[in-house]
$ cat run.json   # JSON, C-alpha atoms
[["chain", "number", "residue", "atom", "x", "y", "z"],
["A", 18, "MET", "CA", 68.29, 177.36, 159.54],
["A", 19, "SER", "CA", 68.09, 176.54, 163.23],
["A", 20, "PHE", "CA", 70.73, 175.38, 165.68],
["A", 21, "ALA", "CA", 69.25, 171.88, 165.40],
["A", 22, "SER", "CA", 69.54, 171.70, 161.63],
["A", 23, "ARG", "CA", 73.03, 173.25, 161.60],
["A", 24, "LEU", "CA", 74.16, 170.72, 164.20],
["A", 25, "LYS", "CA", 72.90, 167.86, 162.05],
["A", 26, "GLU", "CA", 74.41, 169.38, 158.92],
["A", 27, "GLN", "CA", 77.83, 169.76, 160.55],
["A", 28, "ARG", "CA", 77.70, 166.26, 162.03],
["A", 29, "GLU", "CA", 76.97, 164.82, 158.60],
["A", 30, "ARG", "CA", 79.66, 167.00, 157.01],
["A", 31, "MET", "CA", 82.13, 165.49, 159.47],
["A", 32, "GLY", "CA", 80.96, 162.01, 158.45],
["A", 33, "LEU", "CA", 79.68, 161.12, 161.92],
["A", 34, "THR", "CA", 76.58, 159.16, 162.81],
["A", 35, "GLN", "CA", 74.46, 160.26, 165.75],
["A", 36, "ALA", "CA", 75.88, 157.32, 167.70],
["A", 37, "ALA", "CA", 79.48, 158.29, 166.88],
["A", 38, "LEU", "CA", 78.91, 161.91, 167.88],
["A", 39, "ALA", "CA", 77.19, 160.78, 171.07],
["A", 40, "ALA", "CA", 80.17, 158.59, 171.97],
["A", 41, "LYS", "CA", 82.61, 161.48, 171.41],
["A", 42, "LEU", "CA", 80.45, 163.77, 173.56],
["A", 43, "GLY", "CA", 79.83, 161.21, 176.29],
["A", 44, "ILE", "CA", 76.05, 161.34, 175.89],
["A", 45, "THR", "CA", 73.38, 159.06, 174.43],
["A", 46, "LYS", "CA", 72.42, 158.78, 170.79],
["A", 47, "GLY", "CA", 68.92, 159.84, 171.85],
["A", 48, "ALA", "CA", 70.28, 163.08, 173.30],
["A", 49, "VAL", "CA", 71.95, 163.90, 169.98],
["A", 50, "GLY", "CA", 68.68, 163.11, 168.20],
["A", 51, "ASN", "CA", 66.81, 165.42, 170.55],
["A", 52, "TYR", "CA", 69.32, 168.22, 169.87],
["A", 53, "GLU", "CA", 68.96, 167.71, 166.13],
["A", 54, "THR", "CA", 65.17, 167.83, 166.24],
["A", 55, "GLY", "CA", 65.17, 170.84, 168.55],
["A", 56, "LEU", "CA", 63.46, 168.91, 171.32],
["A", 57, "ASN", "CA", 66.27, 169.72, 173.77],
["A", 58, "SER", "CA", 69.34, 171.94, 173.84],
["A", 59, "PRO", "CA", 72.74, 170.85, 175.08],
["A", 60, "LYS", "CA", 74.02, 172.17, 178.38],
["A", 61, "ALA", "CA", 77.04, 174.47, 178.20],
["A", 62, "GLU", "CA", 79.58, 171.75, 179.00],
["A", 63, "ILE", "CA", 78.26, 169.56, 176.18],
["A", 64, "LEU", "CA", 78.02, 172.51, 173.84],
["A", 65, "PHE", "CA", 81.72, 173.28, 174.26],
["A", 66, "LYS", "CA", 82.47, 169.65, 173.41],
["A", 67, "VAL", "CA", 80.25, 169.95, 170.32],
["A", 68, "PHE", "CA", 82.32, 172.89, 169.08],
["A", 69, "GLU", "CA", 85.51, 170.89, 169.59],
["A", 70, "VAL", "CA", 84.32, 167.60, 168.10],
["A", 71, "LEU", "CA", 82.56, 169.16, 165.10],
["A", 72, "HIS", "CA", 85.31, 171.74, 164.46],
["A", 73, "CYS", "CA", 82.88, 174.65, 164.46],
["A", 74, "ASP", "CA", 81.97, 177.50, 166.74],
["A", 75, "ALA", "CA", 78.92, 179.14, 168.24],
["A", 76, "ASN", "CA", 78.81, 181.69, 165.41],
["A", 77, "TYR", "CA", 78.15, 178.91, 162.93],
["A", 78, "LEU", "CA", 75.68, 176.87, 164.97],
["A", 79, "PHE", "CA", 73.70, 179.83, 166.34],
["A", 80, "GLN", "CA", 73.95, 182.33, 163.49],
["A", 81, "ASP", "CA", 70.22, 182.46, 162.77],
["A", 82, "GLU", "CA", 69.26, 182.71, 166.42],
["A", 83, "MET", "CA", 71.90, 185.41, 166.90],
["A", 84, "SER", "CA", 70.59, 187.54, 164.03],
["A", 85, "SER", "CA", 67.12, 187.63, 165.57],
["A", 86, "LEU", "CA", 68.61, 188.38, 169.00],
["A", 87, "ARG", "CA", 70.60, 191.34, 167.66],
["A", 88, "GLU", "CA", 67.35, 193.12, 166.88],
["A", 89, "ASP", "CA", 66.30, 192.78, 170.50],
["A", 90, "THR", "CA", 69.71, 193.32, 172.09],
["A", 91, "ALA", "CA", 70.04, 196.28, 174.39],
["A", 92, "SER", "CA", 72.92, 198.71, 174.07],
["A", 93, "PRO", "CA", 75.31, 199.02, 177.04],
["A", 94, "ASP", "CA", 73.55, 202.25, 178.05],
["A", 95, "GLU", "CA", 70.17, 200.52, 177.93],
["A", 96, "MET", "CA", 71.53, 197.63, 179.98],
["A", 97, "GLU", "CA", 72.81, 200.05, 182.60],
["A", 98, "LEU", "CA", 69.54, 201.93, 182.67],
["A", 99, "LEU", "CA", 67.22, 198.96, 182.63],
["A", 100, "VAL", "CA", 68.67, 195.75, 183.91],
["A", 101, "LYS", "CA", 71.17, 196.88, 186.51],
["A", 102, "LYS", "CA", 68.86, 199.44, 188.05],
["A", 103, "PHE", "CA", 65.88, 197.09, 187.90],
["A", 104, "ARG", "CA", 67.84, 194.41, 189.73],
["A", 105, "ARG", "CA", 68.66, 196.82, 192.54],
["A", 106, "LEU", "CA", 64.96, 197.33, 193.26],
["A", 107, "ASP", "CA", 63.13, 195.26, 195.84],
["A", 108, "ALA", "CA", 60.35, 192.91, 194.72],
["A", 109, "VAL", "CA", 57.56, 195.45, 195.33],
["A", 110, "SER", "CA", 59.31, 198.15, 193.31],
["A", 111, "GLN", "CA", 60.05, 195.71, 190.50],
["A", 112, "LYS", "CA", 56.34, 194.85, 190.35],
["A", 113, "VAL", "CA", 55.46, 198.55, 190.18],
["A", 114, "VAL", "CA", 57.91, 199.12, 187.32],
["A", 115, "LEU", "CA", 56.55, 196.13, 185.38],
["A", 116, "THR", "CA", 52.97, 197.30, 185.94],
["A", 117, "VAL", "CA", 53.77, 200.79, 184.66],
["A", 118, "LEU", "CA", 55.52, 199.32, 181.61],
["A", 119, "ASP", "CA", 52.52, 197.11, 180.84],
["A", 120, "LEU", "CA", 50.11, 200.02, 181.22],
["A", 121, "GLU", "CA", 52.21, 202.25, 178.94],
["A", 122, "LEU", "CA", 52.47, 199.54, 176.30],
["A", 123, "GLN", "CA", 48.70, 199.07, 176.42],
["A", 124, "ARG", "CA", 48.17, 202.83, 176.15],
["A", 125, "GLN", "CA", 50.48, 203.14, 173.17],
["A", 126, "SER", "CA", 48.88, 200.18, 171.49],
["A", 127, "ALA", "CA", 45.43, 201.71, 171.98],
["A", 128, "ASP", "CA", 46.71, 205.10, 170.74],
["A", 129, "SER", "CA", 48.13, 203.56, 167.58],
["A", 130, "GLU", "CA", 44.78, 201.89, 166.81],
["A", 131, "THR", "CA", 42.86, 205.15, 167.22],
["A", 132, "PRO", "CA", 42.83, 207.18, 163.99],
["A", 133, "VAL", "CA", 44.39, 210.60, 164.35],
["A", 134, "PRO", "CA", 41.93, 213.33, 163.31],
["A", 135, "SER", "CA", 43.12, 215.55, 160.47],
["A", 136, "ARG", "CA", 43.44, 219.26, 161.14]]

$ encode --input "run.json" --output "structure tokens"
Amino acid sequence: MSFASRLKEQRERMGLTQAALAAKLGITKGAVGNYETGLNSPKAEILFKVFEVLHCDANYLFQDEMSSLREDTASPDEMELLVKKFRRLDAVSQKVVLTVLDLELQRQSADSETPVPSR
């Protein structure tokens, strides 16, 4: 279930119409509709109001998105190694790093498609 469908589900559970929720959030009914269809996502300030008005938290609304993110989440050591160091590089060095990464990924992909001869 997506953020959009959980938002709609919680709104309905609270007995609110889109118009009523919009009024409580200070936005238009159309904006609520766009959130519930996944067309748009609320900005942080609106999102915090959503949690308050619908008596729920980010864990509930984003639980499915969070589970898929956990698989791709870097450990603190990986963050230190990758992101912080990468950000300290100038633009040319960042491009070099990205090029090397792309080349290595292509090489590994090609290697995995090539059958390994038996000995």

$ residues_around --input "run.json" --residues "region 68-83 of chain A" --least-positions-apart "2" --cutoff "8 Å" --atoms "all atoms listed in the file" --output "ChimeraX atom specification"
/A:18-20,23-24,27-28,31,38,41-42,64-66,85-87

$ closest_residue --input "run.json" --among "A:Leu33, A:Val113, A:Ala21, A:Ala108" --to "Gly55 (chain A)" --atoms "only C-alpha atoms"
A:Ala21

$ atom_distance --input "run.json" --atom1 "CA of Glu97 (chain A)" --atom2 "CA of Leu120 (chain A)"
22.7 Å

$ atom_distance --input "run.json" --atom1 "CA of Asn51 (chain A)" --atom2 "CA of Val67 (chain A)"
14.2 Å

$ atom_distance --input "run.json" --atom1 "CA of Ser58 (chain A)" --atom2 "CA of Val100 (chain A)"
25.9 Å

$ closest_residue --input "run.json" --among "A:Glu121, A:Glu53, A:Glu62, A:Asp94" --to "Glu26 (chain A)" --atoms "all atoms listed in the file"
A:Glu53

$ build_atoms --input "run.json" --residues "region 30-52 of chain A" --atoms "N, CA and C atoms" --output "mmCIF file, keeping the file's coordinate frame"
data_model
loop_
_atom_site.group_PDB
_atom_site.id
_atom_site.type_symbol
_atom_site.label_atom_id
_atom_site.label_comp_id
_atom_site.auth_asym_id
_atom_site.auth_seq_id
_atom_site.Cartn_x
_atom_site.Cartn_y
_atom_site.Cartn_z
ATOM 1 N N ARG A 30 78.487 166.514 157.742
ATOM 2 C CA ARG A 30 79.660 167.000 157.010
ATOM 3 C C ARG A 30 80.935 166.349 157.535
ATOM 4 N N MET A 31 80.967 166.117 158.850
ATOM 5 C CA MET A 31 82.130 165.490 159.470
ATOM 6 C C MET A 31 82.124 163.968 159.290
ATOM 7 N N GLY A 32 81.050 163.448 158.701
ATOM 8 C CA GLY A 32 80.960 162.010 158.450
ATOM 9 C C GLY A 32 80.666 161.191 159.696
ATOM 10 N N LEU A 33 79.996 161.805 160.661
ATOM 11 C CA LEU A 33 79.680 161.120 161.920
ATOM 12 C C LEU A 33 78.212 160.709 161.955
ATOM 13 N N THR A 34 77.953 159.564 162.521
ATOM 14 C CA THR A 34 76.580 159.160 162.810
ATOM 15 C C THR A 34 76.179 159.809 164.134
ATOM 16 N N GLN A 35 74.899 159.760 164.443
ATOM 17 C CA GLN A 35 74.460 160.260 165.750
ATOM 18 C C GLN A 35 75.136 159.468 166.863
ATOM 19 N N ALA A 36 75.254 158.164 166.682
ATOM 20 C CA ALA A 36 75.880 157.320 167.700
ATOM 21 C C ALA A 36 77.346 157.680 167.888
ATOM 22 N N ALA A 37 78.058 157.939 166.783
ATOM 23 C CA ALA A 37 79.480 158.290 166.880
ATOM 24 C C ALA A 37 79.658 159.636 167.572
ATOM 25 N N LEU A 38 78.819 160.606 167.224
ATOM 26 C CA LEU A 38 78.910 161.910 167.880
ATOM 27 C C LEU A 38 78.591 161.767 169.367
ATOM 28 N N ALA A 39 77.566 160.999 169.678
ATOM 29 C CA ALA A 39 77.190 160.780 171.070
ATOM 30 C C ALA A 39 78.348 160.194 171.863
ATOM 31 N N ALA A 40 79.038 159.215 171.281
ATOM 32 C CA ALA A 40 80.170 158.590 171.970
ATOM 33 C C ALA A 40 81.283 159.606 172.229
ATOM 34 N N LYS A 41 81.554 160.461 171.247
ATOM 35 C CA LYS A 41 82.610 161.480 171.410
ATOM 36 C C LYS A 41 82.227 162.520 172.462
ATOM 37 N N LEU A 42 80.922 162.764 172.601
ATOM 38 C CA LEU A 42 80.450 163.770 173.560
ATOM 39 C C LEU A 42 80.179 163.175 174.941
ATOM 40 N N GLY A 43 80.132 161.855 175.018
ATOM 41 C CA GLY A 43 79.830 161.210 176.290
ATOM 42 C C GLY A 43 78.366 161.295 176.671
ATOM 43 N N ILE A 44 77.496 161.280 175.659
ATOM 44 C CA ILE A 44 76.050 161.340 175.890
ATOM 45 C C ILE A 44 75.400 160.213 175.088
ATOM 46 N N THR A 45 74.083 160.113 175.160
ATOM 47 C CA THR A 45 73.380 159.060 174.430
ATOM 48 C C THR A 45 73.063 159.504 173.007
ATOM 49 N N LYS A 46 72.838 158.506 172.158
ATOM 50 C CA LYS A 46 72.420 158.780 170.790
ATOM 51 C C LYS A 46 71.087 159.534 170.794
ATOM 52 N N GLY A 47 70.217 159.166 171.732
ATOM 53 C CA GLY A 47 68.920 159.840 171.850
ATOM 54 C C GLY A 47 69.059 161.316 172.159
ATOM 55 N N ALA A 48 70.058 161.669 172.974
ATOM 56 C CA ALA A 48 70.280 163.080 173.300
ATOM 57 C C ALA A 48 70.671 163.847 172.034
ATOM 58 N N VAL A 49 71.560 163.253 171.238
ATOM 59 C CA VAL A 49 71.950 163.900 169.980
ATOM 60 C C VAL A 49 70.729 164.060 169.084
ATOM 61 N N GLY A 50 69.908 163.029 168.994
ATOM 62 C CA GLY A 50 68.680 163.110 168.200
ATOM 63 C C GLY A 50 67.759 164.221 168.686
ATOM 64 N N ASN A 51 67.655 164.354 169.993
ATOM 65 C CA ASN A 51 66.810 165.420 170.550
ATOM 66 C C ASN A 51 67.378 166.798 170.238
ATOM 67 N N TYR A 52 68.704 166.940 170.238
ATOM 68 C CA TYR A 52 69.320 168.220 169.870
ATOM 69 C C TYR A 52 69.031 168.532 168.406
#
